[in-house]
Amino acid sequence: MAELNTGDGGGGKGGKVRSKKQNSKVDLTAMVDLAFLLITFFMLTTSLSKPQSMDLSLPDKSPDKIDEKPVKVDENRTMTVMLGADNKMIYYMGLLESPIAGPKDITYGKDGIRREVLKRKKSVLEYSTALGKPKNGIIVIIKPTKKSTYRNLVDILDEMAITGVETYAIVPEFTPEETKLIDKKQE
């Protein structure tokens, strides 16, 4: 004889009805994958957003050196670059009263100031070698005006690094002749 299953779980004699229990485990594989992707993304973006810096040598401001006389620089080795408004730049070699070259307007980039600095650097090295001091290179004096931008200053410092100029100075002071020259060129 076949038994009839009444669903009471025990041979048909009236009892508790039992339901099947669901498996309550959740698969977290996708969540772990997402967490690792986010960690990787944030590590990558923070490593890419680190600021880049360039070494900049500044003079000592110790009080015991105040009484020293200013150092005289050979005008044949000196190039002055004045940064003006609207990305304008003027350069000259030597002294403004008796310039070796310039004053001339020049642009930023490889066809502008970079080419001129490389050319002048080569001629200064030849001049220094003829004097028996082959290690004396070009000296660039960078003079930013109040109307020049921070980007202009960074661009000219980049050019100093690219061309390998070892001796340069940022001097925000102008002679009256330089002020007249820069004001005339900016008009």
# chains A, B, ... in the order shown; residues from 1 in each chain; ligands from 1
call {"tool": "residues_around", "arguments": {"residues": "range 83-87 of chain A", "least_positions_apart": "4", "cutoff": "8 Å", "atoms": "only C-alpha atoms", "output": "short mmCIF file (atom, residue, chain, number, x, y, z; two decimals) with N, CA, C and O atoms, in the first residue's frame"}}
result
data_model
loop_
_atom_site.label_atom_id
_atom_site.label_comp_id
_atom_site.auth_asym_id
_atom_site.auth_seq_id
_atom_site.Cartn_x
_atom_site.Cartn_y
_atom_site.Cartn_z
N THR A 107 60.01 86.25 -27.52
CA THR A 107 58.89 85.43 -27.07
C THR A 107 59.39 84.27 -26.23
O THR A 107 60.59 83.98 -26.20
N ILE A 142 66.83 87.83 -14.01
CA ILE A 142 65.42 87.81 -14.35
C ILE A 142 64.73 88.92 -13.55
O ILE A 142 64.80 88.94 -12.32
N LYS A 143 64.07 89.82 -14.25
CA LYS A 143 63.42 90.95 -13.59
C LYS A 143 61.92 90.94 -13.92
O LYS A 143 61.52 91.46 -14.96
N PRO A 144 61.11 90.37 -13.03
CA PRO A 144 59.66 90.39 -13.28
C PRO A 144 59.05 91.72 -12.84
O PRO A 144 59.37 92.24 -11.78
N THR A 145 58.19 92.28 -13.68
CA THR A 145 57.48 93.50 -13.31
C THR A 145 56.24 93.12 -12.52
O THR A 145 55.86 91.95 -12.46
N LYS A 146 55.58 94.13 -11.94
CA LYS A 146 54.35 93.86 -11.19
C LYS A 146 53.22 93.44 -12.13
O LYS A 146 52.26 92.81 -11.70
N LYS A 147 53.34 93.75 -13.40
CA LYS A 147 52.30 93.40 -14.38
C LYS A 147 52.52 92.02 -14.98
O LYS A 147 51.65 91.50 -15.66
N SER A 148 53.68 91.41 -14.76
CA SER A 148 53.91 90.05 -15.28
C SER A 148 53.20 89.05 -14.38
O SER A 148 52.89 89.34 -13.23
N THR A 149 52.97 87.87 -14.93
CA THR A 149 52.23 86.85 -14.19
C THR A 149 53.20 85.84 -13.57
O THR A 149 54.36 85.75 -13.97
N ASN A 152 54.58 83.51 -16.13
CA ASN A 152 55.74 84.02 -16.87
C ASN A 152 57.03 83.71 -16.13
O ASN A 152 58.02 83.31 -16.74
N LEU A 153 57.03 83.91 -14.82
CA LEU A 153 58.21 83.63 -14.01
C LEU A 153 58.55 82.14 -14.03
O LEU A 153 59.71 81.76 -14.19
N ILE A 182 60.65 99.37 -20.26
CA ILE A 182 59.57 98.40 -20.14
C ILE A 182 58.21 99.09 -20.29
O ILE A 182 57.28 98.55 -20.89
N GLN A 186 55.42 98.35 -23.31
CA GLN A 186 54.11 97.82 -22.95
C GLN A 186 52.96 98.66 -23.49
O GLN A 186 51.81 98.27 -23.41
#
call {"tool": "select_by_dssp", "arguments": {"residues": "range 14-175 of chain A", "states": "strand (DSSP E)", "output": "PyMOL selection string"}}
result
chain A and resi 78-83+89-94+99-106+139-144+167-170
call {"tool": "atom_distance", "arguments": {"atom1": "CA of Tyr127 in chain A", "atom2": "CA of Ala169 in chain A"}}
result
21.1 Å
call {"tool": "residues_around", "arguments": {"residues": "Ile100 in chain A", "least_positions_apart": "4", "cutoff": "10 Å", "atoms": "only C-alpha atoms", "output": "PDB file with N, CA and C atoms, in the first residue's frame"}}
result
ATOM      1  N   GLU A  75      80.196  92.346 -17.277  1.00  0.00           N
ATOM      2  CA  GLU A  75      79.033  92.682 -18.108  1.00  0.00           C
ATOM      3  C   GLU A  75      78.966  91.839 -19.380  1.00  0.00           C
ATOM      4  N   ASN A  76      80.100  91.297 -19.820  1.00  0.00           N
ATOM      5  CA  ASN A  76      80.097  90.445 -21.011  1.00  0.00           C
ATOM      6  C   ASN A  76      79.441  89.092 -20.750  1.00  0.00           C
ATOM      7  N   THR A  78      76.700  88.853 -18.602  1.00  0.00           N
ATOM      8  CA  THR A  78      75.401  89.124 -18.016  1.00  0.00           C
ATOM      9  C   THR A  78      74.317  89.318 -19.071  1.00  0.00           C
ATOM     10  N   MET A  79      73.230  88.588 -18.880  1.00  0.00           N
ATOM     11  CA  MET A  79      72.046  88.747 -19.727  1.00  0.00           C
ATOM     12  C   MET A  79      70.889  89.113 -18.797  1.00  0.00           C
ATOM     13  N   TYR A  92      68.418  91.998 -22.845  1.00  0.00           N
ATOM     14  CA  TYR A  92      69.619  92.651 -23.368  1.00  0.00           C
ATOM     15  C   TYR A  92      70.833  92.014 -22.711  1.00  0.00           C
ATOM     16  N   MET A  93      71.962  92.074 -23.402  1.00  0.00           N
ATOM     17  CA  MET A  93      73.244  91.568 -22.899  1.00  0.00           C
ATOM     18  C   MET A  93      74.078  92.745 -22.440  1.00  0.00           C
ATOM     19  N   GLY A  94      74.760  92.580 -21.326  1.00  0.00           N
ATOM     20  CA  GLY A  94      75.633  93.630 -20.809  1.00  0.00           C
ATOM     21  C   GLY A  94      74.853  94.637 -19.993  1.00  0.00           C
ATOM     22  N   LEU A  95      75.304  95.896 -20.050  1.00  0.00           N
ATOM     23  CA  LEU A  95      74.639  96.979 -19.335  1.00  0.00           C
ATOM     24  C   LEU A  95      73.676  97.691 -20.272  1.00  0.00           C
ATOM     25  N   LEU A  96      72.595  98.216 -19.714  1.00  0.00           N
ATOM     26  CA  LEU A  96      71.598  98.896 -20.543  1.00  0.00           C
ATOM     27  C   LEU A  96      72.166 100.169 -21.169  1.00  0.00           C
TER      28      LEU A  96
END
call {"tool": "residues_around", "arguments": {"residues": "range 116-126 of chain A", "least_positions_apart": "2", "cutoff": "8 Å", "atoms": "only C-alpha atoms", "output": "PDB file with N, CA, C and O atoms, in the first residue's frame"}}
result
ATOM      1  N   ASN A  76      80.100  91.297 -19.820  1.00  0.00           N
ATOM      2  CA  ASN A  76      80.097  90.445 -21.011  1.00  0.00           C
ATOM      3  C   ASN A  76      79.441  89.092 -20.750  1.00  0.00           C
ATOM      4  O   ASN A  76      79.127  88.368 -21.688  1.00  0.00           O
ATOM      5  N   ARG A  77      79.273  88.752 -19.479  1.00  0.00           N
ATOM      6  CA  ARG A  77      78.650  87.471 -19.115  1.00  0.00           C
ATOM      7  C   ARG A  77      77.203  87.627 -18.680  1.00  0.00           C
ATOM      8  O   ARG A  77      76.530  86.655 -18.408  1.00  0.00           O
ATOM      9  N   GLY A 112      62.211  81.301 -29.289  1.00  0.00           N
ATOM     10  CA  GLY A 112      62.385  82.639 -28.746  1.00  0.00           C
ATOM     11  C   GLY A 112      63.542  82.701 -27.777  1.00  0.00           C
ATOM     12  O   GLY A 112      64.712  82.640 -28.164  1.00  0.00           O
ATOM     13  N   ILE A 113      63.216  82.775 -26.505  1.00  0.00           N
ATOM     14  CA  ILE A 113      64.222  82.976 -25.469  1.00  0.00           C
ATOM     15  C   ILE A 113      65.181  81.795 -25.357  1.00  0.00           C
ATOM     16  O   ILE A 113      66.367  81.980 -25.099  1.00  0.00           O
ATOM     17  N   ARG A 114      64.696  80.588 -25.580  1.00  0.00           N
ATOM     18  CA  ARG A 114      65.580  79.418 -25.448  1.00  0.00           C
ATOM     19  C   ARG A 114      66.712  79.473 -26.465  1.00  0.00           C
ATOM     20  O   ARG A 114      67.874  79.254 -26.132  1.00  0.00           O
ATOM     21  N   SER A 128      84.850  83.386 -21.916  1.00  0.00           N
ATOM     22  CA  SER A 128      85.486  82.976 -20.655  1.00  0.00           C
ATOM     23  C   SER A 128      86.690  82.078 -20.901  1.00  0.00           C
ATOM     24  O   SER A 128      87.697  82.177 -20.195  1.00  0.00           O
ATOM     25  N   THR A 129      86.594  81.206 -21.888  1.00  0.00           N
ATOM     26  CA  THR A 129      87.715  80.325 -22.218  1.00  0.00           C
ATOM     27  C   THR A 129      88.903  81.145 -22.722  1.00  0.00           C
ATOM     28  O   THR A 129      90.046  80.849 -22.397  1.00  0.00           O
ATOM     29  N   ALA A 130      88.618  82.188 -23.500  1.00  0.00           N
ATOM     30  CA  ALA A 130      89.690  83.060 -23.997  1.00  0.00           C
ATOM     31  C   ALA A 130      90.384  83.788 -22.842  1.00  0.00           C
ATOM     32  O   ALA A 130      91.573  84.096 -22.925  1.00  0.00           O
ATOM     33  N   PRO A 134      87.402  78.841 -18.191  1.00  0.00           N
ATOM     34  CA  PRO A 134      86.364  78.164 -18.984  1.00  0.00           C
ATOM     35  C   PRO A 134      85.124  77.754 -18.191  1.00  0.00           C
ATOM     36  O   PRO A 134      84.109  77.407 -18.778  1.00  0.00           O
ATOM     37  N   LYS A 135      85.190  77.814 -16.867  1.00  0.00           N
ATOM     38  CA  LYS A 135      84.028  77.416 -16.077  1.00  0.00           C
ATOM     39  C   LYS A 135      83.079  78.579 -15.804  1.00  0.00           C
ATOM     40  O   LYS A 135      82.001  78.388 -15.253  1.00  0.00           O
ATOM     41  N   ASN A 136      83.468  79.790 -16.169  1.00  0.00           N
ATOM     42  CA  ASN A 136      82.600  80.947 -15.956  1.00  0.00           C
ATOM     43  C   ASN A 136      81.583  81.031 -17.078  1.00  0.00           C
ATOM     44  O   ASN A 136      81.896  81.372 -18.206  1.00  0.00           O
ATOM     45  N   GLY A 137      80.336  80.706 -16.756  1.00  0.00           N
ATOM     46  CA  GLY A 137      79.272  80.707 -17.758  1.00  0.00           C
ATOM     47  C   GLY A 137      78.454  81.981 -17.715  1.00  0.00           C
ATOM     48  O   GLY A 137      78.804  82.968 -17.065  1.00  0.00           O
ATOM     49  N   ILE A 138      77.330  81.928 -18.397  1.00  0.00           N
ATOM     50  CA  ILE A 138      76.441  83.082 -18.488  1.00  0.00           C
ATOM     51  C   ILE A 138      75.720  83.298 -17.149  1.00  0.00           C
ATOM     52  O   ILE A 138      75.458  82.352 -16.407  1.00  0.00           O
ATOM     53  N   THR A 163      67.890  75.034 -20.620  1.00  0.00           N
ATOM     54  CA  THR A 163      69.127  75.446 -21.291  1.00  0.00           C
ATOM     55  C   THR A 163      70.371  75.173 -20.454  1.00  0.00           C
ATOM     56  O   THR A 163      71.479  75.329 -20.946  1.00  0.00           O
ATOM     57  N   VAL A 165      71.372  76.780 -17.672  1.00  0.00           N
ATOM     58  CA  VAL A 165      71.985  77.960 -17.072  1.00  0.00           C
ATOM     59  C   VAL A 165      72.076  77.723 -15.570  1.00  0.00           C
ATOM     60  O   VAL A 165      71.071  77.511 -14.906  1.00  0.00           O
TER      61      VAL A 165
END
call {"tool": "residues_around", "arguments": {"residues": "Asp155 in chain A", "least_positions_apart": "5", "cutoff": "9 Å", "atoms": "only C-alpha atoms", "output": "PyMOL selection string"}}
result
chain A and resi 108-109+150+160
call {"tool": "atom_distance", "arguments": {"atom1": "CA of Thr80 in chain A", "atom2": "CA of Ile139 in chain A"}}
result
8.4 Å
